[in-house]
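Contents: one structure, followed by commentary.
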Amino acid sequence: MLGCVIHGAGDLRVDDLPSPEPGPGEALVAVRYGGVCGSDLHYWRHGGVGDFRLTEPMVLGHEVVGTVAGHGPGTEGPAPGTPVAVHPATPCDTCPECRAGRRSICRDTRYLGSAARTPHVQGGFAAELVVPAAQLRALPDGLPLDRAALAEPLSVALHAVRRAGDVAGRHVLVTGAGPIGCLVVAAAKAAGAARVTVTDLLPKALSYAAVAGADTLVRADDPADPGWPDEADAPDLAIEASGVAAGLDTCLHRVRRGAVVVQLGMLPPGQSPFAGNLLVSREIELRGAFRFDTEFDDAIALLAREPALAGLVSAVVPVADAARAFALAADRSAACKVLLDFGS
């Protein structure tokens, strides 16, 4: 079977991999689509994500959907042929964070396609995937697999919005209109946000934010853009989704006093410059958001209700042409979410 394997920075290969066999408690999934994520691009370009560095070849991918192909001995789960989305995390359920109900920051979790531990956790960019059957979610009738492939990044967005607190009736600022930022827009609107303002450097990215439901689009590099909120209309909260310090700095300067800012985008390793003095003088609360937990089920339900979110899928590329898919996904002037197609 074909799989998309990263061997080092700049060394992405489509390899012929052995077909896996499910064991007790496991299910075999015939993968149809896999979404190329920002972390996949980081492994491809830089050989790592943040502090997680490649030390061995790794199958990429954690945004995967397909159909159940079988089960291991004595395993219960969705019947063969059932369309499913795969929850990519396996928390330990025993660490202090898990026991406190914060499984998204489990200190010993296994996450598909992650170099956070060695041996690395192999990912889902392969024609067949074995996972614990408990991580499968049967899709609602009418939700196509290509739209369902947005479930993992939408879960990340839903978790970030929940970390922000109650957004109903409030003005939300989102910095960064990549796939995650656009899905933060959708998550905020679904949570009742009265207005969502989105900033980005690229007009194409902002056009995708409009598809997701953004009310106001702002060119981040234009101080005179009329969409910037004035002090009287300052956002009640902000979610930083660009992963650059300038985005966080924008959030701190633009939100009202006493606001909440959620850092969702993964900042580079080491120190990041931003106006930390404003945390004190304006009593701004800065919170982090990492991955998700139960939001995965909510994401699937939201995708079933919102067919317009399919418009965030820019292209579907056969896995044999993975190099082109990654190059396209990295070009934010041309694409939002790019899917790899593992189907025949």
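Numbering starts fresh at 1 for the residues of each chain in the structure tokens, the chains themselves are lettered A, B, ... in the order given, and ligands are numbered from 1 as they appear.
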Checklist line | Residue set, stretch 106-203 of chain A restricted to alpha helix (DSSP H), as a PyMOL selection string | finding: chain A and resi 145-148+151-164+179-190+203
Using only C-alpha atoms, I'd like a table of the residues in stretch 98-204 of chain A that come within 6 Å of stretch 322-342 of chain A; for each, show the closest atom pair and its distance in Å rounded to one decimal, ordered by chain and ascending number, as a Markdown table.
```
| residue | atom | partner | partner_atom | distance |
| --- | --- | --- | --- | --- |
| A:Ala127 | CA | A:Phe342 | CA | 5.5 |
| A:Pro179 | CA | A:Cys336 | CA | 5.5 |
| A:Lys204 | CA | A:Ser333 | CA | 5.6 |
```
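When only C-alpha atoms are used to measure the gap to A:Val185, the shortest distance among A:Asp16, A:Asp298, A:Glu63, A:Glu240 belongs to A:Glu240.
Nearest-residue note for A:Leu237: choosing from A:Val319, A:Val262, A:Leu129, A:Ala148, the minimum distance belongs to A:Val262, counting only C-alpha atoms.
Of the residues listed (A:Ala310, A:Val161, A:Met58, A:Leu28), A:Val161 shows the shortest atom-to-atom separation from A:Ala193; distances use only C-alpha atoms.
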Next item on the list: Using only C-alpha atoms, pick whichever of A:Ala134, A:Ala126, A:Val64, A:Ala116 has the shortest atom-to-atom distance to A:Leu2.
Entry: A:Ala126
Note to self: Residues within 6 Å of A:Val84, please, as a PyMOL selection string. Count only C-alpha atoms; anything in the same chain fewer than 3 positions from it doesn't count.
What the structure shows: chain A and resi 65-67+137-139
Pull the closest atom pair for each residue of stretch 47-87 of chain A that gets at most 10 Å from stretch 281-297 of chain A, along with the distance in Å to one decimal, counting only C-alpha atoms, ordering rows by chain and then ascending residue number, as JSON lines.
```
{"residue": "A:Ala85", "atom": "CA", "partner": "A:Phe296", "partner_atom": "CA", "distance": 9.2}
{"residue": "A:Val86", "atom": "CA", "partner": "A:Phe296", "partner_atom": "CA", "distance": 9.2}
{"residue": "A:His87", "atom": "CA", "partner": "A:Phe296", "partner_atom": "CA", "distance": 6.9}
```
Please dump the current selection as a PDB file, in the first residue's frame; keep C-alpha atoms.
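The resulting selection22.pdb:
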```pdb
ATOM      1  CA  ALA A  85     -13.510   9.871  11.000  1.00  0.00           C
ATOM      2  CA  VAL A  86     -10.489   8.947  13.102  1.00  0.00           C
ATOM      3  CA  HIS A  87      -9.820  10.743  16.389  1.00  0.00           C
TER       4      HIS A  87
END
```
Checklist line | Non-local contacts of stretch 199-203 of chain A (8 Å; only C-alpha atoms; under 4 positions in same chain excluded) as a PyMOL selection string | finding: chain A and resi 173-177+207+217-221+332-333
Write the selection just made, keeping N, CA and C atoms, as an mmCIF file, in the first residue's frame?
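Listing of again-v7.cif after writing:
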```
data_model
loop_
_atom_site.group_PDB
_atom_site.id
_atom_site.type_symbol
_atom_site.label_atom_id
_atom_site.label_comp_id
_atom_site.auth_asym_id
_atom_site.auth_seq_id
_atom_site.Cartn_x
_atom_site.Cartn_y
_atom_site.Cartn_z
ATOM 1 N N LEU A 173 -11.818 38.751 17.583
ATOM 2 C CA LEU A 173 -10.745 39.003 16.627
ATOM 3 C C LEU A 173 -9.981 37.700 16.394
ATOM 4 N N VAL A 174 -9.741 37.351 15.120
ATOM 5 C CA VAL A 174 -8.950 36.185 14.751
ATOM 6 C C VAL A 174 -7.784 36.660 13.900
ATOM 7 N N THR A 175 -6.558 36.418 14.349
ATOM 8 C CA THR A 175 -5.391 36.786 13.549
ATOM 9 C C THR A 175 -4.852 35.535 12.856
ATOM 10 N N GLY A 176 -4.838 35.587 11.528
ATOM 11 C CA GLY A 176 -4.395 34.455 10.727
ATOM 12 C C GLY A 176 -5.573 33.739 10.103
ATOM 13 N N ALA A 177 -5.643 33.743 8.762
ATOM 14 C CA ALA A 177 -6.763 33.125 8.045
ATOM 15 C C ALA A 177 -6.314 31.892 7.272
ATOM 16 N N SER A 207 -10.336 35.664 1.702
ATOM 17 C CA SER A 207 -11.540 35.228 0.981
ATOM 18 C C SER A 207 -12.071 33.917 1.552
ATOM 19 N N LEU A 217 -13.029 41.717 7.208
ATOM 20 C CA LEU A 217 -11.738 41.233 6.744
ATOM 21 C C LEU A 217 -10.756 42.388 6.737
ATOM 22 N N VAL A 218 -9.561 42.161 7.287
ATOM 23 C CA VAL A 218 -8.581 43.232 7.448
ATOM 24 C C VAL A 218 -7.228 42.768 6.913
ATOM 25 N N ARG A 219 -6.605 43.607 6.089
ATOM 26 C CA ARG A 219 -5.229 43.355 5.689
ATOM 27 C C ARG A 219 -4.310 43.708 6.851
ATOM 28 N N ALA A 220 -3.619 42.707 7.373
ATOM 29 C CA ALA A 220 -2.802 42.905 8.571
ATOM 30 C C ALA A 220 -1.645 43.857 8.339
ATOM 31 N N ASP A 221 -1.205 44.004 7.076
ATOM 32 C CA ASP A 221 -0.064 44.870 6.779
ATOM 33 C C ASP A 221 -0.476 46.274 6.372
ATOM 34 N N ARG A 332 -0.097 29.744 0.584
ATOM 35 C CA ARG A 332 -1.317 30.331 1.152
ATOM 36 C C ARG A 332 -1.967 31.343 0.215
ATOM 37 N N SER A 333 -1.248 31.743 -0.837
ATOM 38 C CA SER A 333 -1.855 32.641 -1.816
ATOM 39 C C SER A 333 -2.742 31.885 -2.799
#
```
